[in-house]
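Chemist: Below is the structure I would like to discuss, written out as structure tokens.
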Amino acid sequence: MEQINGSVQMERALLYTFLEVSSDCKFREQLHSLQSLGTLSFLKGSCYYDDEVELQTDGNRSGHMQNVFDPEVNEEVIRIIAAQLAEIGDQFDKEIKARVVNDLVQHFLNENLSGEEITRRMSEAVEGLARAIPSDMEREKAMLVLAMVLTKKIANTMPSLLQRVFSTTVSYISQQLHNYIVRMLRG
């Protein structure tokens, strides 16, 4: 399993919360299953537990917690920002053509494509959409919202792809938009 660090956790938490608060989310059951599959390991208080922990009969975990976010960035900040981004996403949603989503769905279905190749295709789609959608907002914010809206639209089209598209989007935003997200969350 990939090493979990604060930046990836921050991006996972932001994307998960964006999807959770988004309107027209047809894959809620699959979204909530991401936590049980271990795709997400953030819990209340912006902490995660080691993989070496056991779930106790009372539902608590044994082991030690590790803080993965800047102490000033908490779950409530992520929730507020994700809700704001989801509102913007609802506006962008209708601008995204079904062809773009369907092309990405086909790439995600192609088991022969590497994670890097799919991330590159996602990046190309976001870049193309960012150029096509007139916006007076910061380019990084537009790209972040577009990546998250594409994730939602792909999962709405084919919910079984949620885990793969979620991981790819986290990888994309971690590589391309990490510094922007840090600035935004510390804001």
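We name chains A, B, ... following the order of the structure tokens; residues begin at 1 in each chain, and ligands are numbered from 1 as shown.
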Tell me which protein, DNA and RNA residues are within 9 Å of Leu104 of chain A, counting only C-alpha atoms, leaving out same-chain ones fewer than 2 positions away, and put them as a ChimeraX atom specification.

Modeler: /A:99-102,106-109,118,121-122,125,150,154

Chemist: The selected residues should be written to file as a CSV table (one decimal), in the first residue's frame (atoms: N, CA and C atoms).

Modeler:
```csv
chain,number,residue,atom,x,y,z
A,99,ARG,N,-19.4,13.5,-24.1
A,99,ARG,CA,-18.4,12.8,-24.8
A,99,ARG,C,-17.1,12.8,-24.0
A,100,VAL,N,-16.8,13.9,-23.3
A,100,VAL,CA,-15.6,13.9,-22.5
A,100,VAL,C,-15.6,12.9,-21.4
A,101,VAL,N,-16.8,12.8,-20.7
A,101,VAL,CA,-17.0,11.9,-19.6
A,101,VAL,C,-16.9,10.4,-20.2
A,102,ASN,N,-17.6,10.2,-21.3
A,102,ASN,CA,-17.6,8.8,-21.9
A,102,ASN,C,-16.2,8.4,-22.3
A,106,GLN,N,-14.1,5.2,-20.8
A,106,GLN,CA,-13.5,4.1,-21.6
A,106,GLN,C,-12.0,3.9,-21.2
A,107,HIS,N,-11.3,5.0,-20.8
A,107,HIS,CA,-9.9,4.9,-20.4
A,107,HIS,C,-9.9,4.2,-19.0
A,108,PHE,N,-10.8,4.5,-18.1
A,108,PHE,CA,-10.8,3.8,-16.8
A,108,PHE,C,-11.1,2.4,-17.0
A,109,LEU,N,-11.9,2.0,-17.9
A,109,LEU,CA,-12.3,0.6,-18.1
A,109,LEU,C,-11.2,-0.2,-18.8
A,118,ILE,N,-3.6,6.9,-17.2
A,118,ILE,CA,-4.9,7.4,-16.9
A,118,ILE,C,-4.9,8.8,-16.3
A,121,ARG,N,-4.4,11.2,-19.0
A,121,ARG,CA,-5.6,11.4,-19.8
A,121,ARG,C,-6.6,12.3,-19.0
A,122,MET,N,-6.6,12.1,-17.6
A,122,MET,CA,-7.5,13.0,-16.8
A,122,MET,C,-6.9,14.4,-16.9
A,125,ALA,N,-7.9,16.1,-20.1
A,125,ALA,CA,-9.3,16.4,-20.1
A,125,ALA,C,-9.6,17.7,-19.3
A,150,LEU,N,-15.5,15.9,-12.8
A,150,LEU,CA,-15.3,14.8,-13.7
A,150,LEU,C,-15.3,13.5,-12.9
A,154,ILE,N,-18.0,10.7,-13.9
A,154,ILE,CA,-17.6,9.3,-14.2
A,154,ILE,C,-18.2,8.3,-13.3
```

Chemist: Just the residues within 10 Å of Glu87 of chain A, please, counting only C-alpha atoms, with nothing from its chain fewer than 3 positions along; format it as a ChimeraX atom specification.

Modeler: /A:18,21-23,81-84,90-93,145

Chemist: Nearest to Thr151 of chain A: which of A:Pro134, A:Gly128, A:Gly115, A:Gly89 is it, counting only C-alpha atoms?

Modeler: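 Of all the options, A:Gly89 lies closest to Thr151 of chain A.
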
Chemist: Using only C-alpha atoms, which of A:Lys26, A:Ala142, A:Val165, A:Leu113 sits nearest Tyr180 of chain A?

Modeler: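 Closest candidate: A:Ala142.
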
Chemist: From a DSSP calculation on the backbone, collect every residue of segment 96-163 of chain A in helix (DSSP H, G or I) and output the set as number ranges by chain.

Modeler: A: 98-109, 115-132, 139-157, 159-163

Chemist: Under the rule that only C-alpha atoms are counted, which of A:His32, A:Arg131, A:Arg12, A:Lys97 is the nearest residue to Glu75 of chain A?

Modeler: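 Using only C-alpha atoms, Glu75 of chain A sits closest to A:Arg12.
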
Chemist: Which polymer residues have any atom within 10 Å of an atom of Phe166 of chain A, counting only C-alpha atoms, with same-chain residues fewer than 5 positions away left out, as an MDAnalysis selection string?

Modeler: chainID A and resid 12 15:16 19 31 34 39 148 151:152 154:155 161 171:172

Chemist: Between A:Ser33, A:Ser135, A:Thr17, A:Asn110, which is the closest to Ala86 of chain A once you count only C-alpha atoms?

Modeler: A:Thr17

Chemist: Please, what distance in Å, to one decimal, runs between atom CA of Ala132 of chain A and atom CA of Arg79 of chain A?

Modeler: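 Calculated distance between atom CA of Ala132 of chain A and atom CA of Arg79 of chain A is 28.3 Å.
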